[in-house]
>>> print(open('coords_2.pdb').read())   # PDB, C-alpha atoms and all ligand atoms
ATOM      1  CA  LEU A   1      45.118 -94.634  77.820
ATOM      2  CA  ALA A   2      44.906 -90.842  77.364
ATOM      3  CA  THR A   3      44.255 -90.705  73.664
ATOM      4  CA  ALA A   4      44.432 -87.559  71.596
ATOM      5  CA  SER A   5      40.670 -87.664  71.301
ATOM      6  CA  LEU A   6      40.186 -87.808  75.073
ATOM      7  CA  LEU A   7      42.722 -85.068  75.672
ATOM      8  CA  ASN A   8      41.031 -82.895  73.075
ATOM      9  CA  THR A   9      37.610 -83.405  74.584
ATOM     10  CA  HIS A  10      38.446 -83.189  78.261
ATOM     11  CA  LEU A  11      41.393 -80.827  78.300
ATOM     12  CA  ARG A  12      41.773 -78.753  75.160
ATOM     13  CA  ASP A  13      38.086 -78.119  74.556
ATOM     14  CA  GLN A  14      37.541 -77.090  78.182
ATOM     15  CA  LEU A  15      40.462 -74.682  78.090
ATOM     16  CA  ASP A  16      39.289 -73.300  74.770
ATOM     17  CA  PHE A  17      35.857 -72.676  76.287
ATOM     18  CA  LEU A  18      37.331 -70.887  79.290
ATOM     19  CA  LYS A  19      39.501 -68.784  77.023
ATOM     20  CA  ALA A  20      36.644 -67.773  74.747
ATOM     21  CA  PRO A  21      33.272 -68.313  76.416
ATOM     22  CA  PRO A  22      30.116 -67.483  74.439
ATOM     23  CA  THR A  23      30.010 -63.697  74.340
ATOM     24  CA  GLY A  24      27.887 -61.024  72.704
ATOM     25  CA  ASN A  25      29.076 -57.449  72.626
ATOM     26  CA  LYS A  26      27.718 -54.266  71.065
ATOM     27  CA  THR A  27      29.001 -50.723  71.395
ATOM     28  CA  LEU A  28      26.620 -48.179  69.918
ATOM     29  CA  ASN A  29      27.702 -45.533  67.434
ATOM     30  CA  GLU A  30      24.441 -44.511  65.822
ATOM     31  CA  ALA A  31      23.233 -41.713  63.552
ATOM     32  CA  ALA A  32      20.672 -40.609  66.146
ATOM     33  CA  ASN A  33      20.073 -40.942  69.851
ATOM     34  CA  TYR A  34      17.235 -43.174  71.017
ATOM     35  CA  THR A  35      14.066 -41.727  72.522
ATOM     36  CA  THR A  36      10.887 -43.173  73.942
ATOM     37  CA  ASN A  37       7.687 -42.031  75.551
ATOM     38  CA  SER A  38       6.494 -45.582  76.214
ATOM     39  CA  THR A  39       5.195 -46.250  79.720
ATOM     40  CA  SER A  40       5.395 -50.017  79.224
ATOM     41  CA  PHE A  41       8.619 -51.901  78.534
ATOM     42  CA  VAL A  42       9.729 -51.959  74.908
ATOM     43  CA  ASP A  43      12.954 -52.952  73.158
ATOM     44  CA  ILE A  44      15.304 -49.988  72.832
ATOM     45  CA  ASP A  45      16.683 -51.340  69.540
ATOM     46  CA  SER A  46      15.735 -54.877  68.554
ATOM     47  CA  THR A  47      18.723 -55.037  66.205
ATOM     48  CA  ASN A  48      21.592 -53.283  67.931
ATOM     49  CA  LEU A  49      20.644 -53.884  71.556
ATOM     50  CA  SER A  50      19.883 -57.551  70.929
ATOM     51  CA  LEU A  51      22.602 -60.124  71.524
ATOM     52  CA  THR A  52      22.321 -63.827  70.707
ATOM     53  CA  ILE A  53      24.783 -66.366  72.072
ATOM     54  CA  ASN A  54      24.916 -70.138  71.886
ATOM     55  CA  THR A  55      25.457 -71.267  75.465
ATOM     56  CA  ALA A  56      26.830 -74.486  76.847
ATOM     57  CA  GLY A  57      24.255 -74.133  79.623
ATOM     58  CA  GLY A  58      24.718 -72.228  82.862
ATOM     59  CA  ASP A  59      24.892 -68.658  84.100
ATOM     60  CA  VAL A  60      25.148 -65.552  81.945
ATOM     61  CA  LEU A  61      26.460 -62.167  83.058
ATOM     62  CA  ILE A  62      24.724 -59.162  81.484
ATOM     63  CA  ILE A  63      26.282 -55.693  81.519
ATOM     64  CA  PHE A  64      25.055 -52.383  80.148
ATOM     65  CA  THR A  65      26.309 -48.843  80.590
ATOM     66  CA  GLY A  66      24.573 -45.848  79.038
ATOM     67  CA  THR A  67      23.841 -42.166  79.521
ATOM     68  CA  PHE A  68      20.286 -40.896  79.625
ATOM     69  CA  SER A  69      18.334 -37.684  80.013
ATOM     70  CA  HIS A  70      14.692 -36.748  80.279
ATOM     71  CA  ASN A  71      12.874 -33.705  78.942
ATOM     72  CA  THR A  72      10.631 -33.480  82.015
ATOM     73  CA  ALA A  73      11.603 -33.010  85.649
ATOM     74  CA  GLY A  74      10.461 -36.087  87.519
ATOM     75  CA  GLY A  75      10.790 -38.256  84.448
ATOM     76  CA  ARG A  76      12.366 -41.659  85.004
ATOM     77  CA  VAL A  77      14.164 -44.405  83.188
ATOM     78  CA  PHE A  78      13.314 -48.013  83.976
ATOM     79  CA  LEU A  79      15.462 -50.806  82.536
ATOM     80  CA  ASP A  80      14.804 -54.510  82.141
ATOM     81  CA  VAL A  81      16.415 -57.297  80.100
ATOM     82  CA  SER A  82      14.455 -59.842  78.132
ATOM     83  CA  VAL A  83      15.731 -63.367  77.541
ATOM     84  CA  ASP A  84      14.126 -65.098  74.578
ATOM     85  CA  GLY A  85      11.309 -62.565  74.713
ATOM     86  CA  THR A  86      10.508 -62.754  78.419
ATOM     87  CA  ASP A  87      11.420 -59.893  80.737
ATOM     88  CA  MET A  88      13.720 -61.098  83.499
ATOM     89  CA  PHE A  89      12.372 -58.829  86.212
ATOM     90  CA  GLY A  90       8.953 -57.444  85.322
ATOM     91  CA  ASP A  91       7.175 -54.799  87.438
ATOM     92  CA  ASP A  92       9.454 -51.741  87.229
ATOM     93  CA  GLY A  93      12.395 -53.805  85.961
ATOM     94  CA  LEU A  94      15.900 -54.101  87.431
ATOM     95  CA  VAL A  95      16.879 -50.475  87.931
ATOM     96  CA  THR A  96      15.412 -46.975  87.743
ATOM     97  CA  HIS A  97      16.692 -43.437  87.933
ATOM     98  CA  GLY A  98      14.715 -40.220  88.286
ATOM     99  CA  CYS A  99      15.642 -36.969  86.570
ATOM    100  CA  GLU A 100      15.101 -34.138  89.041
ATOM    101  CA  THR A 101      16.107 -31.495  86.506
ATOM    102  CA  ALA A 102      14.891 -31.618  82.930
ATOM    103  CA  ASN A 103      17.557 -32.489  80.341
ATOM    104  CA  ARG A 104      20.284 -33.268  82.883
ATOM    105  CA  GLN A 105      22.373 -36.249  81.832
ATOM    106  CA  TYR A 106      22.947 -39.188  84.109
ATOM    107  CA  ALA A 107      24.666 -42.531  83.657
ATOM    108  CA  VAL A 108      23.185 -45.914  84.473
ATOM    109  CA  THR A 109      25.200 -49.110  84.738
ATOM    110  CA  LEU A 110      23.245 -52.343  84.801
ATOM    111  CA  VAL A 111      24.733 -55.647  85.912
ATOM    112  CA  ALA A 112      22.460 -58.686  85.971
ATOM    113  CA  TRP A 113      22.687 -62.450  86.308
ATOM    114  CA  LYS A 114      20.617 -64.874  84.309
ATOM    115  CA  LEU A 115      21.049 -68.122  86.214
ATOM    116  CA  SER A 116      20.757 -71.725  85.079
ATOM    117  CA  LEU A 117      20.028 -71.054  81.451
ATOM    118  CA  SER A 118      19.673 -74.146  79.298
ATOM    119  CA  ALA A 119      22.206 -75.001  76.612
ATOM    120  CA  GLY A 120      21.446 -73.531  73.216
ATOM    121  CA  SER A 121      20.763 -70.247  71.464
ATOM    122  CA  HIS A 122      19.502 -67.400  73.639
ATOM    123  CA  THR A 123      18.690 -63.796  72.798
ATOM    124  CA  PHE A 124      19.120 -60.933  75.259
ATOM    125  CA  ARG A 125      17.579 -57.526  74.666
ATOM    126  CA  LEU A 126      17.766 -54.329  76.660
ATOM    127  CA  ARG A 127      14.327 -52.847  77.319
ATOM    128  CA  TRP A 128      13.175 -49.542  78.740
ATOM    129  CA  ARG A 129      10.191 -47.455  79.695
ATOM    130  CA  THR A 130       9.457 -44.116  81.292
ATOM    131  CA  ASN A 131       6.668 -42.656  83.394
ATOM    132  CA  THR A 132       6.056 -39.350  81.587
ATOM    133  CA  GLY A 133       7.513 -37.167  78.857
ATOM    134  CA  ILE A 134      10.384 -38.187  76.594
ATOM    135  CA  LEU A 135      13.380 -40.262  77.663
ATOM    136  CA  THR A 136      16.659 -40.205  75.707
ATOM    137  CA  LEU A 137      19.557 -42.649  75.498
ATOM    138  CA  TYR A 138      22.673 -41.051  74.018
ATOM    139  CA  ALA A 139      24.129 -43.284  71.301
ATOM    140  CA  GLY A 140      27.305 -41.762  69.933
ATOM    141  CA  ALA A 141      25.310 -39.585  67.552
ATOM    142  CA  GLY A 142      27.410 -36.439  67.848
ATOM    143  CA  THR A 143      25.408 -34.594  70.513
ATOM    144  CA  SER A 144      27.524 -31.922  72.203
ATOM    145  CA  LEU A 145      28.710 -33.329  75.550
ATOM    146  CA  GLY A 146      26.619 -36.408  74.819
ATOM    147  CA  ASP A 147      28.600 -38.168  72.092
ATOM    148  CA  VAL A 148      28.988 -41.213  74.323
ATOM    149  CA  HIS A 149      28.775 -44.840  73.319
ATOM    150  CA  PRO A 150      26.581 -47.215  75.315
ATOM    151  CA  GLN A 151      27.870 -50.762  75.620
ATOM    152  CA  PHE A 152      25.841 -53.954  76.015
ATOM    153  CA  VAL A 153      27.607 -57.241  76.784
ATOM    154  CA  VAL A 154      26.498 -60.769  77.636
ATOM    155  CA  ARG A 155      28.903 -63.575  78.524
ATOM    156  CA  GLU A 156      28.361 -67.111  79.735
ATOM    157  CA  VAL A 157      30.433 -67.478  82.889
ATOM    158  CA  SER A 158      29.749 -70.961  84.197
TER     159      SER A 158
HETATM  160 CA    CA A 201      29.383 -41.243  66.309
END
>>> encode(input="coords_2.pdb", output="structure tokens", more="lines below")
Ligand SMILES: [Ca+2]
Amino acid sequence: LATASLLNTHLRDQLDFLKAPPTGNKTLNEAANYTTNSTSFVDIDSTNLSLTINTAGGDVLIIFTGTFSHNTAGGRVFLDVSVDGTDMFGDDGLVTHGCETANRQYAVTLVAWKLSLSAGSHTFRLRWRTNTGILTLYAGAGTSLGDVHPQFVVREVS
């Protein structure tokens, strides 16, 4: 017999999950842009670029788009993502971009998979480093031609 309880568990709850999977989402609109001169990976913002979701267990899609510049020609951005405090990629991270001309803006979009994550609470943080000089991430802080709003999203997808 298909009881209400069984239908709720095996039909409704599954559809509800598919409709609204665990998702974290932050769009930055800060008072100041972010800068770093760190040559080892550090959190960009351990509050605003930190997303915690309670997963059912499975794969998580991670997306970030932001605009950067560097005050030194030859300066680079390196990006990584930590999950529960451990960098996913290590070495030079997932993606890098070099700034051939000082202070020229460039956009970076990061798309990453965290596979086979256990069920439970997990925290994702965007991390960065550079190789020399000062790296900037524009954060909606009113900079002329740089008042852009980085977005960081995580969503369980299976
Ligand atoms: Ca703003």
>>> residues_near_point(input="coords_2.pdb", point="(13.1, -40.9, 85.8)", cutoff="12 Å", atoms="all atoms listed in the file", output="PyMOL selection string")
chain A and resi 37+39+68-79+92+95-108+128-136
>>> resolve_selection(input="coords_2.pdb", expression="the PyMOL selection byres (((not hetatm)) within 9 of (chain A and resi 201))", output="MDAnalysis selection string")
chainID A and resid 28:32 139:143 147:149
>>> atom_distance(input="coords_2.pdb", atom1="atom CA of Ser121 of chain A", atom2="atom CA of Gly85 of chain A")
12.6 Å
>>> closest_residue(input="coords_2.pdb", among="A:Val153, A:Leu61, A:Val83, A:Leu7", to="His122 of chain A", atoms="only C-alpha atoms")
A:Val83
>>> residues_near_point(input="coords_2.pdb", point="(18.9, -40.0, 73.9)", cutoff="6 Å", atoms="all atoms listed in the file", output="PyMOL selection string")
chain A and resi 33-35+68+136-138
>>> closest_residue(input="coords_2.pdb", among="A:Leu117, A:Phe124, A:Thr55, A:Phe64", to="Asp87 of chain A", atoms="all atoms listed in the file")
A:Phe124
>>> closest_residue(input="coords_2.pdb", among="A:Thr47, A:Thr67, A:Thr23, A:Ser82", to="Leu145 of chain A", atoms="only C-alpha atoms")
A:Thr67
>>> resolve_selection(input="coords_2.pdb", expression="the PyMOL selection byres (((chain A and resi 152) around 9) and not hetatm)", output="ChimeraX atom specification")
/A:24-28,49-51,62-66,126,150-151,153-154
>>> write_last_selection(input="coords_2.pdb", atoms="C-alpha atoms", output="short mmCIF file (atom, residue, chain, number, x, y, z; two decimals), in the coordinates of the input")
data_model
loop_
_atom_site.label_atom_id
_atom_site.label_comp_id
_atom_site.auth_asym_id
_atom_site.auth_seq_id
_atom_site.Cartn_x
_atom_site.Cartn_y
_atom_site.Cartn_z
CA GLY A 24 27.89 -61.02 72.70
CA ASN A 25 29.08 -57.45 72.63
CA LYS A 26 27.72 -54.27 71.06
CA THR A 27 29.00 -50.72 71.40
CA LEU A 28 26.62 -48.18 69.92
CA LEU A 49 20.64 -53.88 71.56
CA SER A 50 19.88 -57.55 70.93
CA LEU A 51 22.60 -60.12 71.52
CA ILE A 62 24.72 -59.16 81.48
CA ILE A 63 26.28 -55.69 81.52
CA PHE A 64 25.06 -52.38 80.15
CA THR A 65 26.31 -48.84 80.59
CA GLY A 66 24.57 -45.85 79.04
CA LEU A 126 17.77 -54.33 76.66
CA PRO A 150 26.58 -47.22 75.32
CA GLN A 151 27.87 -50.76 75.62
CA VAL A 153 27.61 -57.24 76.78
CA VAL A 154 26.50 -60.77 77.64
#
